[in-house]
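Data block for data_4.txt (compact mmCIF, C-alpha atoms):
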# COMPACT_ATOMS: atom_id res chain seq x y z
CA MET A 17 124.70 88.28 106.68
CA PRO A 18 127.06 86.79 109.22
CA LYS A 19 126.27 87.29 112.88
CA LYS A 20 129.57 89.15 113.46
CA VAL A 21 128.67 91.85 110.93
CA PHE A 22 125.31 92.41 112.62
CA GLN A 23 127.07 92.77 115.98
CA GLU A 24 129.46 95.42 114.64
CA LEU A 25 126.62 97.24 112.94
CA GLY A 26 124.75 97.33 116.22
CA VAL A 27 127.79 98.70 118.06
CA SER A 28 128.23 101.42 115.45
CA LEU A 29 124.56 102.38 115.72
CA VAL A 30 124.81 102.65 119.51
CA GLU A 31 127.95 104.77 119.20
CA THR A 32 126.29 107.04 116.66
CA ALA A 33 123.27 107.41 118.89
CA ILE A 34 125.54 108.53 121.71
CA ALA A 35 128.02 110.60 119.71
CA LEU A 36 125.71 112.45 117.35
CA PRO A 37 123.71 114.34 120.02
CA LEU A 38 126.98 115.13 121.80
CA ILE A 39 128.52 116.56 118.64
CA LEU A 40 125.37 118.49 117.73
CA MET A 41 125.17 119.92 121.23
CA ALA A 42 128.86 120.89 121.10
CA ILE A 43 128.25 122.69 117.79
CA ILE A 44 125.26 124.71 118.96
CA VAL A 45 126.84 125.55 122.31
CA SER A 46 129.97 126.67 120.45
CA TYR A 47 127.74 128.84 118.27
CA ASP A 48 126.23 130.46 121.38
CA LEU A 49 129.62 130.93 123.03
CA THR A 50 131.02 132.52 119.89
CA ARG A 51 128.07 134.88 119.70
CA ILE A 52 128.48 135.80 123.38
CA TYR A 53 132.22 136.30 122.92
CA ILE A 54 131.67 138.63 119.97
CA ALA A 55 129.06 140.54 121.99
CA ILE A 56 131.49 140.93 124.91
CA VAL A 57 134.27 142.21 122.63
CA MET A 58 131.85 144.57 120.90
CA ALA A 59 130.36 145.83 124.19
CA GLN A 60 133.82 146.54 125.61
CA ASP A 61 134.94 148.25 122.43
CA VAL A 62 131.82 150.43 122.28
CA ALA A 63 132.11 151.30 126.00
CA LEU A 64 135.72 152.42 125.55
CA MET A 65 134.84 154.36 122.42
CA SER A 66 131.94 156.04 124.24
CA ALA A 67 134.29 157.10 127.04
CA LYS A 68 136.80 158.45 124.50
CA LEU A 69 134.08 160.32 122.64
CA SER A 70 132.82 161.70 125.92
CA ASN A 71 136.31 163.06 126.63
CA ALA A 72 136.34 164.88 123.29
CA SER A 73 135.96 168.63 123.75
CA ASP A 74 133.50 169.30 120.94
CA PRO A 75 131.89 166.32 119.17
CA ASP A 76 131.17 167.28 115.56
CA VAL A 77 127.76 165.66 115.13
CA ASP A 78 124.07 166.55 115.21
CA THR A 79 122.34 166.80 118.57
CA PRO A 80 119.62 164.14 118.58
CA ALA A 81 116.53 163.74 120.75
CA VAL A 82 116.75 160.57 122.84
CA THR A 83 113.83 159.12 120.91
CA ASP A 84 116.04 159.28 117.80
CA LEU A 85 118.38 156.80 119.46
CA ILE A 86 116.12 153.83 118.80
CA LYS A 87 116.55 151.10 116.24
CA SER A 88 113.76 148.57 116.07
CA ILE A 89 113.73 145.22 114.36
CA SER A 90 111.45 144.89 111.37
CA GLY A 91 108.22 143.21 112.41
CA GLU A 92 108.67 143.56 116.15
CA SER A 93 105.63 144.05 118.37
CA ALA A 94 104.39 147.50 119.38
CA ALA A 95 105.02 146.56 123.02
CA THR A 96 108.68 145.94 122.25
CA THR A 97 109.06 149.23 120.37
CA ASN A 98 107.33 151.05 123.23
CA GLY A 99 109.75 149.31 125.60
CA ARG A 100 112.66 150.88 123.72
CA THR A 101 111.14 154.34 124.20
CA GLN A 102 110.49 153.46 127.85
CA PHE A 103 114.19 152.77 128.30
CA TRP A 104 114.99 156.43 127.63
CA THR A 105 112.05 157.65 129.73
CA ASP A 106 113.37 155.59 132.66
CA GLN A 107 116.88 156.96 132.25
CA LEU A 108 115.53 160.45 132.90
CA ASN A 109 112.97 159.55 135.56
CA SER A 110 114.24 159.91 139.12
CA SER A 111 111.74 157.35 140.44
CA SER A 112 113.00 154.68 138.04
CA THR A 113 115.57 152.08 139.11
CA THR A 114 117.52 152.83 135.92
CA TYR A 115 117.63 156.62 136.44
CA HIS A 116 121.00 157.85 135.21
CA GLY A 117 121.33 160.52 137.88
CA VAL A 118 120.12 163.72 136.18
CA ALA A 119 116.71 164.55 134.71
CA TYR A 120 118.13 165.81 131.43
CA TYR A 121 120.93 165.22 128.97
CA THR A 122 123.30 167.98 127.96
CA ASP A 123 123.88 168.61 124.25
CA LYS A 124 127.34 167.11 124.53
CA GLU A 125 125.98 163.96 126.18
CA LEU A 126 123.39 163.56 123.43
CA LYS A 127 126.07 164.03 120.78
CA THR A 128 128.24 161.46 122.51
CA LEU A 129 125.36 158.96 122.67
CA ASN A 130 124.59 159.67 119.01
CA GLN A 131 128.15 158.83 118.01
CA ALA A 132 128.33 155.83 120.34
CA TYR A 133 125.15 154.27 118.93
CA GLY A 134 126.42 155.04 115.44
CA TYR A 135 129.65 153.22 116.25
CA LEU A 136 127.68 150.27 117.60
CA ASN A 137 125.63 150.20 114.41
CA SER A 138 128.78 150.26 112.28
CA LEU A 139 130.12 147.23 114.16
CA ASN A 140 126.89 145.24 113.97
CA SER A 141 124.25 146.62 111.63
CA ASP A 142 121.82 143.91 112.80
CA ALA A 143 121.93 145.03 116.43
CA ALA A 144 118.78 146.71 117.71
CA PHE A 145 118.82 149.34 120.45
CA PRO A 146 118.19 150.03 123.22
CA ILE A 147 117.13 146.85 125.05
CA PRO A 148 113.35 147.17 125.52
CA ALA A 149 112.39 148.14 129.07
CA VAL A 150 109.68 145.50 129.41
CA THR A 151 109.20 143.36 132.49
CA PRO A 152 109.98 140.56 132.26
CA LEU A 153 112.17 140.78 129.20
CA ARG A 154 111.64 137.69 127.08
CA ALA A 155 113.59 136.20 124.19
CA THR A 156 110.67 137.06 121.91
CA ASN A 157 111.32 140.77 122.59
CA LEU A 158 114.77 140.34 121.10
CA ASN A 159 113.50 138.83 117.84
CA GLY A 160 116.56 136.64 117.55
CA GLU A 161 118.94 139.60 117.28
CA VAL A 162 121.49 141.07 119.65
CA ASN A 163 119.93 144.07 121.43
CA CYS A 164 122.25 146.60 123.09
CA SER A 165 121.88 149.64 125.31
CA ILE A 166 124.50 152.34 125.77
CA TYR A 167 123.97 154.48 128.83
CA PHE A 168 125.95 156.16 131.56
CA THR A 169 125.90 157.11 135.20
CA PHE A 170 128.02 159.61 137.09
CA ALA A 171 131.02 158.55 139.12
CA ASP A 172 131.14 161.66 141.26
CA LEU A 173 127.63 163.14 141.35
CA THR A 174 126.78 163.47 145.01
CA GLY A 175 124.32 166.05 146.24
CA PRO A 176 122.94 168.86 144.09
CA ILE A 177 124.25 169.47 140.59
CA ASP A 178 127.17 171.87 140.39
CA THR A 179 127.03 173.30 136.87
CA THR A 180 130.64 174.48 137.13
CA TYR A 181 132.05 171.05 137.97
CA ASN A 182 133.68 168.75 135.41
CA TYR A 183 131.98 165.42 136.14
CA SER A 184 133.26 161.90 135.44
CA ARG A 185 130.93 159.39 133.82
CA ILE A 186 130.87 155.62 133.63
CA PHE A 187 129.62 154.38 130.28
CA TYR A 188 127.90 151.01 130.18
CA VAL A 189 127.12 148.85 127.20
CA SER A 190 124.67 146.03 127.90
CA CYS A 191 123.88 143.52 125.19
CA ALA A 192 121.14 140.90 125.36
CA VAL A 193 122.33 137.93 123.32
CA PRO A 194 119.73 135.31 122.35
CA THR A 195 120.95 131.79 123.13
CA TRP A 196 119.93 128.42 121.78
CA GLY A 197 122.27 125.62 122.84
CA ILE A 198 122.95 127.02 126.32
CA SER A 199 119.21 127.37 126.91
CA LEU A 200 118.68 123.77 125.78
CA LEU A 201 121.20 122.66 128.40
CA GLY A 202 118.90 124.24 130.97
CA LEU A 203 121.60 126.40 132.52
CA SER A 204 120.13 129.02 134.82
CA ILE A 205 122.18 131.84 133.23
CA ALA A 206 120.21 131.45 129.99
CA LYS A 207 116.91 130.24 131.38
CA SER A 208 115.04 133.09 129.70
CA GLY A 209 116.54 132.31 126.31
CA TYR A 210 119.13 135.07 126.37
CA ILE A 211 122.21 136.23 128.24
CA ILE A 212 122.98 139.83 129.11
CA VAL A 213 126.61 140.90 128.97
CA THR A 214 127.59 144.31 130.34
CA ARG A 215 130.90 146.12 129.99
CA SER A 216 131.84 149.58 131.16
CA ALA A 217 134.43 152.29 130.72
CA TYR A 218 135.32 155.31 132.81
CA ALA A 219 135.23 158.75 131.22
CA TYR A 220 137.27 160.87 133.63
CA HIS A 221 136.27 164.55 133.81
CA SER A 222 134.17 164.29 130.70
CA GLY A 223 132.20 167.51 130.93
CA GLY A 224 129.90 169.70 132.95
CA LEU A 225 126.15 169.53 133.43
CA ALA A 226 125.07 172.97 132.31
CA PRO A 227 121.73 172.33 130.59
CA MET B 9 138.42 86.35 131.92
CA MET B 10 139.57 84.60 128.77
CA LYS B 11 136.09 84.93 127.35
CA TRP B 12 136.11 88.68 128.03
CA ILE B 13 139.51 89.14 126.39
CA GLN B 14 138.34 87.10 123.39
CA LYS B 15 135.19 89.18 123.16
CA PHE B 16 137.00 92.49 123.04
CA SER B 17 139.90 91.27 120.92
CA ASP B 18 137.77 91.14 117.82
CA ASP B 19 136.71 94.03 115.56
CA LYS B 20 133.82 94.98 117.83
CA GLY B 21 136.23 95.70 120.67
CA MET B 22 138.35 97.77 118.37
CA VAL B 23 135.36 99.94 117.49
CA TYR B 24 134.74 100.48 121.21
CA VAL B 25 138.35 101.56 121.69
CA GLU B 26 138.15 103.96 118.73
CA PHE B 27 134.91 105.39 120.06
CA GLY B 28 136.40 105.91 123.50
CA MET B 29 139.42 107.65 122.05
CA SER B 30 137.27 109.90 119.86
CA VAL B 31 135.03 110.98 122.73
CA GLY B 32 138.07 111.53 124.95
CA LEU B 33 139.71 113.68 122.28
CA LEU B 34 136.51 115.66 121.80
CA LEU B 35 136.29 116.32 125.54
CA ILE B 36 139.92 117.45 125.67
CA ILE B 37 139.28 119.86 122.79
CA ILE B 38 136.17 121.25 124.52
CA VAL B 39 137.97 121.76 127.86
CA GLY B 40 141.02 123.25 126.13
CA PHE B 41 138.75 125.62 124.22
CA ALA B 42 137.02 126.62 127.47
CA GLN B 43 140.38 127.43 129.08
CA GLN B 44 141.47 129.66 126.21
CA TYR B 45 138.00 131.26 126.09
CA VAL B 46 138.25 132.35 129.73
CA ARG B 47 141.87 133.50 129.37
CA SER B 48 140.96 135.50 126.30
CA LEU B 49 138.22 137.31 128.25
CA ASP B 50 140.78 138.08 130.95
CA ARG B 51 143.08 139.59 128.32
CA ILE B 52 140.22 141.77 127.05
CA ASN B 53 139.70 143.01 130.61
CA HIS B 54 143.40 143.79 130.96
CA TYR B 55 143.50 145.93 127.83
CA ALA B 56 140.19 147.59 128.69
CA VAL B 57 141.52 148.66 132.10
CA ALA B 58 144.81 149.79 130.54
CA ASN B 59 142.84 151.96 128.10
CA GLN B 60 140.93 153.50 130.99
CA ILE B 61 144.16 154.19 132.88
CA LEU B 62 145.34 156.02 129.76
CA MET B 63 142.27 158.28 129.97
CA GLY B 64 141.82 158.17 133.73
CA PRO B 65 143.04 160.24 136.66
CA GLN B 66 146.74 160.99 136.65
CA ASP B 67 148.84 163.38 138.72
CA LYS B 68 151.77 165.24 137.28
CA MET B 69 154.66 162.86 136.78
CA VAL B 70 157.55 165.28 136.72
CA SER B 71 158.84 167.43 139.56
CA PHE B 72 159.73 171.05 138.82
CA ASP B 73 162.10 173.18 140.89
CA SER B 74 161.05 176.75 140.20
CA SER B 75 164.24 178.17 141.76
CA THR B 76 166.57 176.31 139.37
CA GLY B 77 164.12 175.77 136.50
CA VAL B 78 165.00 172.08 136.38
CA PHE B 79 162.54 169.23 135.80
CA SER B 80 163.35 165.95 137.52
CA ALA B 81 162.02 162.48 138.25
CA LEU B 82 159.60 162.01 141.13
CA THR B 83 161.05 160.70 144.36
CA SER B 84 159.91 160.02 147.90
CA THR B 85 160.53 163.70 148.76
CA SER B 86 159.22 165.40 145.61
CA THR B 87 155.85 167.13 145.31
CA PRO B 88 153.81 165.12 144.62
CA THR B 89 155.68 162.07 145.86
CA TYR B 90 156.32 159.10 143.62
CA THR B 91 154.04 156.92 145.77
CA GLN B 92 151.15 159.41 145.59
CA VAL B 93 151.33 159.49 141.80
CA VAL B 94 151.48 155.73 141.35
CA ASP B 95 148.75 155.24 143.98
CA THR B 96 146.40 157.41 141.92
CA ILE B 97 146.83 154.99 139.02
CA GLY B 98 146.86 151.85 141.15
CA ASN B 99 143.75 152.75 143.11
CA PHE B 100 141.96 153.60 139.88
CA PHE B 101 143.00 150.18 138.57
CA LEU B 102 141.46 148.52 141.64
CA SER B 103 138.25 150.51 141.20
CA ARG B 104 137.90 149.50 137.55
CA ILE B 105 138.70 145.77 137.57
CA PRO B 106 135.57 143.69 136.94
CA ASN B 107 136.36 141.35 139.85
CA GLN B 108 139.02 140.80 142.48
CA LYS B 109 141.14 138.23 140.62
CA PHE B 110 143.28 140.88 138.95
CA ALA B 111 146.58 142.39 140.07
CA ALA B 112 148.78 145.15 138.70
CA TYR B 113 152.41 145.97 139.31
CA ILE B 114 153.22 149.54 138.34
CA ARG B 115 156.49 151.40 137.92
CA VAL B 116 157.20 154.82 136.46
CA GLY B 117 160.52 155.31 134.65
CA TYR B 118 162.10 158.26 132.86
CA LEU B 119 164.12 158.91 129.75
CA ASP B 120 166.80 161.46 130.57
CA ILE B 121 166.77 164.20 127.97
CA ARG B 122 169.44 166.71 126.94
CA PRO B 123 167.42 169.88 127.62
CA THR B 124 168.91 171.98 124.83
CA THR B 125 168.43 169.45 122.04
CA GLY B 126 165.72 167.02 123.20
CA GLU B 127 167.91 163.97 122.57
CA PRO B 128 167.72 161.01 124.99
CA LEU B 129 170.88 160.50 127.03
CA SER B 130 170.06 157.61 129.36
CA PHE B 131 167.18 156.51 131.56
CA THR B 132 166.29 156.78 135.24
CA LEU B 133 164.89 153.80 137.10
CA THR B 134 166.31 153.83 140.59
CA SER B 135 165.19 152.70 144.01
CA GLU B 136 163.47 156.10 144.31
CA GLN B 137 161.01 154.85 141.66
CA PRO B 138 160.14 151.40 143.01
CA ALA B 139 157.56 148.99 141.62
CA LEU B 140 154.31 149.17 143.57
CA SER B 141 151.68 146.45 143.67
CA TYR B 142 147.87 146.68 143.56
CA ILE B 143 146.37 143.27 144.15
CA GLY B 144 142.71 142.29 144.14
CA SER B 145 141.49 140.42 147.21
CA ASN B 146 141.04 137.18 145.25
CA ALA B 147 144.12 137.32 143.01
CA SER B 148 145.77 134.12 144.20
CA GLY B 149 148.56 133.10 141.85
CA CYS B 150 149.22 136.76 141.04
CA ASP B 151 150.03 137.96 144.53
CA ASP B 152 153.76 137.17 144.66
CA THR B 153 155.10 140.72 144.86
CA THR B 154 158.72 139.65 144.34
CA VAL B 155 157.88 138.08 141.00
CA GLY B 156 155.49 140.86 139.99
CA ASN B 157 157.98 143.58 140.84
CA GLN B 158 160.69 141.79 138.87
CA PHE B 159 158.42 141.45 135.84
CA VAL B 160 157.49 145.12 135.73
CA THR B 161 161.08 146.19 136.38
CA ARG B 162 162.34 144.09 133.48
CA LEU B 163 159.59 145.54 131.31
CA ALA B 164 160.58 149.08 132.27
CA GLN B 165 164.31 148.51 131.81
CA GLY B 166 163.83 146.81 128.45
CA ARG B 167 161.42 149.36 127.02
CA LEU B 168 163.36 152.41 128.24
CA ASN B 169 166.61 151.00 126.90
CA ASN B 170 165.04 150.12 123.55
CA MET B 171 163.43 153.54 123.19
CA MET B 172 166.68 155.28 124.07
CA LEU B 173 168.80 153.23 121.64
CA ASN B 174 166.20 153.46 118.89
CA ILE B 175 166.01 157.25 119.08
CA GLN B 176 169.76 157.68 119.49
CA ALA B 177 170.27 155.71 116.27
CA THR B 178 168.98 158.67 114.23
CA PRO B 179 170.31 161.90 115.73
CA PRO B 180 169.24 165.30 114.34
CA ALA B 181 171.23 166.36 111.29
CA ASP B 182 171.18 170.07 112.14
CA ALA B 183 169.50 172.62 114.42
CA ASP B 184 166.28 172.60 112.39
CA ASP B 185 166.02 168.84 112.03
CA ASP B 186 163.39 167.29 114.38
CA THR B 187 164.62 163.73 113.93
CA GLY B 188 165.81 162.09 117.13
CA ARG B 189 164.34 164.72 119.42
CA VAL B 190 161.88 163.53 122.03
CA GLY B 191 160.78 164.83 125.37
CA ILE B 192 158.50 167.53 126.56
CA LYS B 193 159.16 170.78 124.74
CA ILE B 194 159.22 173.91 126.90
CA TYR B 195 159.93 176.43 124.17
CA ASP B 196 161.16 176.58 120.58
CA PHE B 197 161.91 179.83 118.73
CA LYS B 198 164.30 181.38 116.28
CA LEU B 199 166.15 184.62 117.02
CA GLY B 200 168.03 185.85 114.01
CA THR B 201 169.58 182.76 112.51
CA THR B 202 169.83 180.85 115.77
CA ARG B 203 167.12 178.40 116.82
CA TYR B 204 166.62 177.99 120.56
CA ARG B 205 164.94 174.90 121.94
CA GLN B 206 164.36 173.83 125.52
CA TYR B 207 163.04 170.47 126.71
CA ALA B 208 162.21 169.08 130.14
CA GLU B 209 165.15 167.11 131.52
CA VAL B 210 163.09 163.94 131.92
CA MET B 211 160.28 162.22 130.05
CA PRO B 212 158.08 159.86 132.08
CA PHE B 213 156.51 156.53 131.09
CA ILE B 214 154.18 154.29 133.08
CA PHE B 215 154.87 150.56 132.98
CA ILE B 216 152.27 148.07 134.11
CA TYR B 217 152.38 144.31 134.45
CA MET B 218 148.83 142.93 134.82
CA CYS B 219 148.07 139.43 135.96
CA SER B 220 144.87 137.51 136.57
CA THR B 221 144.39 134.35 138.58
CA PRO B 222 145.38 131.18 136.70
CA VAL B 223 142.64 129.30 134.88
CA ASN B 224 142.92 125.58 135.54
CA PHE B 225 140.61 123.56 133.30
CA VAL B 226 143.40 121.56 131.67
CA TYR B 227 146.47 122.87 133.47
CA SER B 228 147.18 126.00 135.47
CA GLN B 229 147.73 128.99 133.21
CA ALA B 230 147.78 132.63 134.37
CA THR B 231 146.99 135.52 132.05
CA ASP B 232 149.74 138.13 131.89
CA THR B 233 149.87 141.33 129.89
CA PHE B 234 152.41 144.14 129.75
CA HIS B 235 151.59 147.78 129.08
CA THR B 236 153.64 150.89 128.40
CA ILE B 237 151.74 154.15 128.72
CA ALA B 238 152.89 157.66 127.93
CA PRO B 239 151.22 159.71 130.68
CA ARG B 240 148.53 162.12 129.69
CA ARG B 241 149.68 164.67 132.21
CA PRO B 242 153.48 164.67 132.48
CA ILE B 243 153.81 168.27 133.67
CA ASN B 244 151.30 170.34 135.57
Represent the structure of the file as structure tokens.
Amino acid sequence: MPKKVFQELGVSLVETAIALPLILMAIIVSYDLTRIYIAIVMAQDVALMSAKLSNASDPDVDTPAVTDLIKSISGESAATTNGRTQFWTDQLNSSSTTYHGVAYYTDKELKTLNQAYGYLNSLNSDAAFPIPAVTPLRATNLNGEVNCSIYFTFADLTGPIDTTYNYSRIFYVSCAVPTWGISLLGLSIAKSGYIIVTRSAYAYHSGGLAP
Amino acid sequence: MMKWIQKFSDDKGMVYVEFGMSVGLLLIIIVGFAQQYVRSLDRINHYAVANQILMGPQDKMVSFDSSTGVFSALTSTSTPTYTQVVDTIGNFFLSRIPNQKFAAYIRVGYLDIRPTTGEPLSFTLTSEQPALSYIGSNASGCDDTTVGNQFVTRLAQGRLNNMMLNIQATPPADADDDTGRVGIKIYDFKLGTTRYRQYAEVMPFIFIYMCSTPVNFVYSQATDTFHTIAPRRPIN
């Protein structure tokens, strides 16, 4: 073959060697960004829906136990499943950093959470919940799926509980989204192999705290 | 120099040029995508906050004179005052924005209603109902109050005028016809063959122009959204 053809072939090979990894990286990062974007939209939507449901006067749904509000991933470890139960224990434990502010849930709050998790499940039937309360949380705990927690705190709970007061709540939806391309880039935000996105919505005067 | 030109004038040079152009184009697409990605997230935040304002704290938006039985628009001397009512919304906006790069310009306007029929007559948007601004501490590019106030005023004028004309286009055919009647109903009953209706003289709407700091990956581009909200609590 002529020398010129060899030269051009070599140039093309060099270009391919440079361009191919770039294109592959762009594709997998785009995949991650799309997944994160969808999780943000979903989290915001579920947070707003939770706040709306919380404002409803009488939710027409069964009253669950908090341990009913768990959806595991098939084949996940016992430690991960226990971590999901621990999430709810921590929410009601005043010595926990994730205590929601009161040591119990009212029937209406449980009904609201029931509907909110149901709505989340209808939007993404693959999503597991809640995010396991294991320290440190690792990508392996997520089993490659989006894991989300819906929870709330009180905007105006200061001092002892007044059972006659109509409290406002802030609903949070946190989703742990496993990442691949962003983690490969070594960015600190996804160093653990996942990114947590959190959105919230304010449920103004959404009900009392009579047990 | 001649050697260099000769070297890159052949097909090999052309491949280099094509490669450079392709990579450049790819980078432009990636940066352009990043810009729209961030702006889109800002838009989601705008609509999320607007939704929360819809459900959030609101004071009564119509003043009532118990001695005359007349409902009227809020002013600087009404109870509550116009500023108090808009501040409740604006301060809630500031408490709910995810970061300080957001700003809102808020104005409340009124459709004037014929109290006996519920039909819109005109609209009220005077200097007694000014646009008020609520600007995050890092909302550069959105902090020009002259521009923001103009935007929300145009929004309010346009929407109120459109609503009024749209409703006026289909007036009620008779006393029992509900078409073309809007406003806040006070009472509605029939005595003998005569139907008596009474509506509040004004019907309030909240207008919000939201802005977030321009994103500048490719070129500077702010995110603007416009919201019209029917208040949840028009009368006490």
Please provide the set of residues having any atom within 9 Å of region 89-102 of chain B, restricted to only C-alpha atoms, with same-chain residues fewer than 6 positions apart removed, written as a PyMOL selection string.
-> chain B and resi 57-58+60-61+64-69+71+81-83+108+110-116+136-138+140-144+214
One decimal, Å: what's the distance from CA of Ala72 (chain A) over to CA of His235 (chain B), could you say?
->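 Those two atoms sit 23.6 Å apart.
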Rounded to one decimal in Å, what is the spacing between CA of Val226 (chain B) and CA of Ala56 (chain B)?
->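 Taking CA of Val226 (chain B) and CA of Ala56 (chain B), their separation equals 26.4 Å.
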Polymer residues at most 7 Å from (126.6, 156.8, 131.0) by all atoms listed in the file, as a PyMOL selection string | chain A and resi 167-170+185-188
Residue contacts of Leu139 (chain A) (12 Å, all atoms listed in the file) excluding same-chain residues fewer than 5 positions away, as number ranges by chain | A: 54-55, 57-59, 61-62, 65, 132-134, 144, 162, 164
Taking all atoms listed in the file into account, what are the residues of chain B at most 10 Å from chain A, put as number ranges by chain?
-> B: 18-24, 27-28, 30-31, 34-35, 38, 41-42, 45-46, 48-49, 52-53, 55-57, 59-61, 63-66, 100, 104, 106
Rounded to one decimal in Å, what is the spacing between CA of Gly32 (chain B) and CA of Ser204 (chain A)?
->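 We find that CA of Gly32 (chain B) and CA of Ser204 (chain A) lie 26.9 Å from each other.
Of the residues under consideration (A:Asp172, A:Ala149, A:Glu92, A:Asp78), A:Ala149 shows the shortest atom-to-atom contact distance to Thr113 (chain A) when counting all atoms listed in the file.
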Around (164.0, 148.8, 133.5) in the file's own coordinates, what residues are found within 10 Å if you use only C-alpha atoms, given back as a JSON list (two decimals) with C-alpha atoms, in the frame of the given file?
[["chain", "number", "residue", "atom", "x", "y", "z"],
["B", 115, "ARG", "CA", 156.49, 151.40, 137.92],
["B", 116, "VAL", "CA", 157.20, 154.82, 136.46],
["B", 117, "GLY", "CA", 160.52, 155.31, 134.65],
["B", 118, "TYR", "CA", 162.10, 158.26, 132.86],
["B", 131, "PHE", "CA", 167.18, 156.51, 131.56],
["B", 132, "THR", "CA", 166.29, 156.78, 135.24],
["B", 133, "LEU", "CA", 164.89, 153.80, 137.10],
["B", 134, "THR", "CA", 166.31, 153.83, 140.59],
["B", 158, "GLN", "CA", 160.69, 141.79, 138.87],
["B", 159, "PHE", "CA", 158.42, 141.45, 135.84],
["B", 160, "VAL", "CA", 157.49, 145.12, 135.73],
["B", 161, "THR", "CA", 161.08, 146.19, 136.38],
["B", 162, "ARG", "CA", 162.34, 144.09, 133.48],
["B", 163, "LEU", "CA", 159.59, 145.54, 131.31],
["B", 164, "ALA", "CA", 160.58, 149.08, 132.27],
["B", 165, "GLN", "CA", 164.31, 148.51, 131.81],
["B", 166, "GLY", "CA", 163.83, 146.81, 128.45],
["B", 167, "ARG", "CA", 161.42, 149.36, 127.02],
["B", 168, "LEU", "CA", 163.36, 152.41, 128.24],
["B", 169, "ASN", "CA", 166.61, 151.00, 126.90],
["B", 215, "PHE", "CA", 154.87, 150.56, 132.98]]
Which of these, B:Arg241, B:Ser148, B:Thr178, B:Thr125, has the shortest distance to Arg205 (chain B) once you count only C-alpha atoms?
->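 So, comparing all the options, the nearest one is B:Thr125.
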Near-Ser93 (chain A) list (12 Å; all atoms listed in the file; drop same-chain fewer than 2 positions) as a list in words |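 Once the nearby chain positions are removed, what remains is Ser88, Ile89, Ser90, Gly91, Ala95, Thr96, Thr97, Asn98, Gly99, Arg100, Pro148, Val150, Thr156, Asn157, Leu158 and Asn159 of chain A.
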Near Leu129 (chain A), within 9 Å and counting all atoms listed in the file, which residues show up once chain neighbours fewer than 2 positions away are dropped, as a CSV table (one decimal) with C-alpha atoms, in the frame of the given file?
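Ended up saving to selection23.csv:
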chain,number,residue,atom,x,y,z
A,66,SER,CA,131.9,156.0,124.2
A,69,LEU,CA,134.1,160.3,122.6
A,70,SER,CA,132.8,161.7,125.9
A,80,PRO,CA,119.6,164.1,118.6
A,82,VAL,CA,116.8,160.6,122.8
A,85,LEU,CA,118.4,156.8,119.5
A,124,LYS,CA,127.3,167.1,124.5
A,125,GLU,CA,126.0,164.0,126.2
A,126,LEU,CA,123.4,163.6,123.4
A,127,LYS,CA,126.1,164.0,120.8
A,131,GLN,CA,128.2,158.8,118.0
A,132,ALA,CA,128.3,155.8,120.3
A,133,TYR,CA,125.2,154.3,118.9
A,134,GLY,CA,126.4,155.0,115.4
A,166,ILE,CA,124.5,152.3,125.8
A,167,TYR,CA,124.0,154.5,128.8
May I have the residues within 10 Å of Pro194 (chain A) as a PDB file with C-alpha atoms, in the frame of the given file, using all atoms listed in the file and disregarding those fewer than 4 positions away in the same chain?
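Okay, this is what ended up in part-v8.pdb:
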ATOM      1  CA  ASP A  48     126.230 130.460 121.380  1.00  0.00           C
ATOM      2  CA  ARG A  51     128.070 134.880 119.700  1.00  0.00           C
ATOM      3  CA  ILE A  52     128.480 135.800 123.380  1.00  0.00           C
ATOM      4  CA  ARG A 154     111.640 137.690 127.080  1.00  0.00           C
ATOM      5  CA  ALA A 155     113.590 136.200 124.190  1.00  0.00           C
ATOM      6  CA  THR A 156     110.670 137.060 121.910  1.00  0.00           C
ATOM      7  CA  LEU A 158     114.770 140.340 121.100  1.00  0.00           C
ATOM      8  CA  ASN A 159     113.500 138.830 117.840  1.00  0.00           C
ATOM      9  CA  GLY A 160     116.560 136.640 117.550  1.00  0.00           C
ATOM     10  CA  GLU A 161     118.940 139.600 117.280  1.00  0.00           C
ATOM     11  CA  VAL A 162     121.490 141.070 119.650  1.00  0.00           C
ATOM     12  CA  ASN A 163     119.930 144.070 121.430  1.00  0.00           C
ATOM     13  CA  ILE A 198     122.950 127.020 126.320  1.00  0.00           C
ATOM     14  CA  SER A 199     119.210 127.370 126.910  1.00  0.00           C
ATOM     15  CA  ALA A 206     120.210 131.450 129.990  1.00  0.00           C
ATOM     16  CA  SER A 208     115.040 133.090 129.700  1.00  0.00           C
ATOM     17  CA  GLY A 209     116.540 132.310 126.310  1.00  0.00           C
ATOM     18  CA  TYR A 210     119.130 135.070 126.370  1.00  0.00           C
ATOM     19  CA  ILE A 211     122.210 136.230 128.240  1.00  0.00           C
ATOM     20  CA  ILE A 212     122.980 139.830 129.110  1.00  0.00           C
TER      21      ILE A 212
END
Of the residues B:Cys219, B:Met171, B:Leu199, B:Leu119, which is the one nearest to Asp151 (chain B), using all atoms listed in the file?
->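 Nearest to Asp151 (chain B): B:Cys219.
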Box along x, y and z, 3 Å on every side, all listed atoms of region 203-209 of chain B inside: centre and edge lengths in Å to one decimal, as JSON.
{"center_x": 164.7, "center_y": 172.8, "center_z": 124.2, "size_x": 10.9, "size_y": 17.3, "size_z": 20.7}
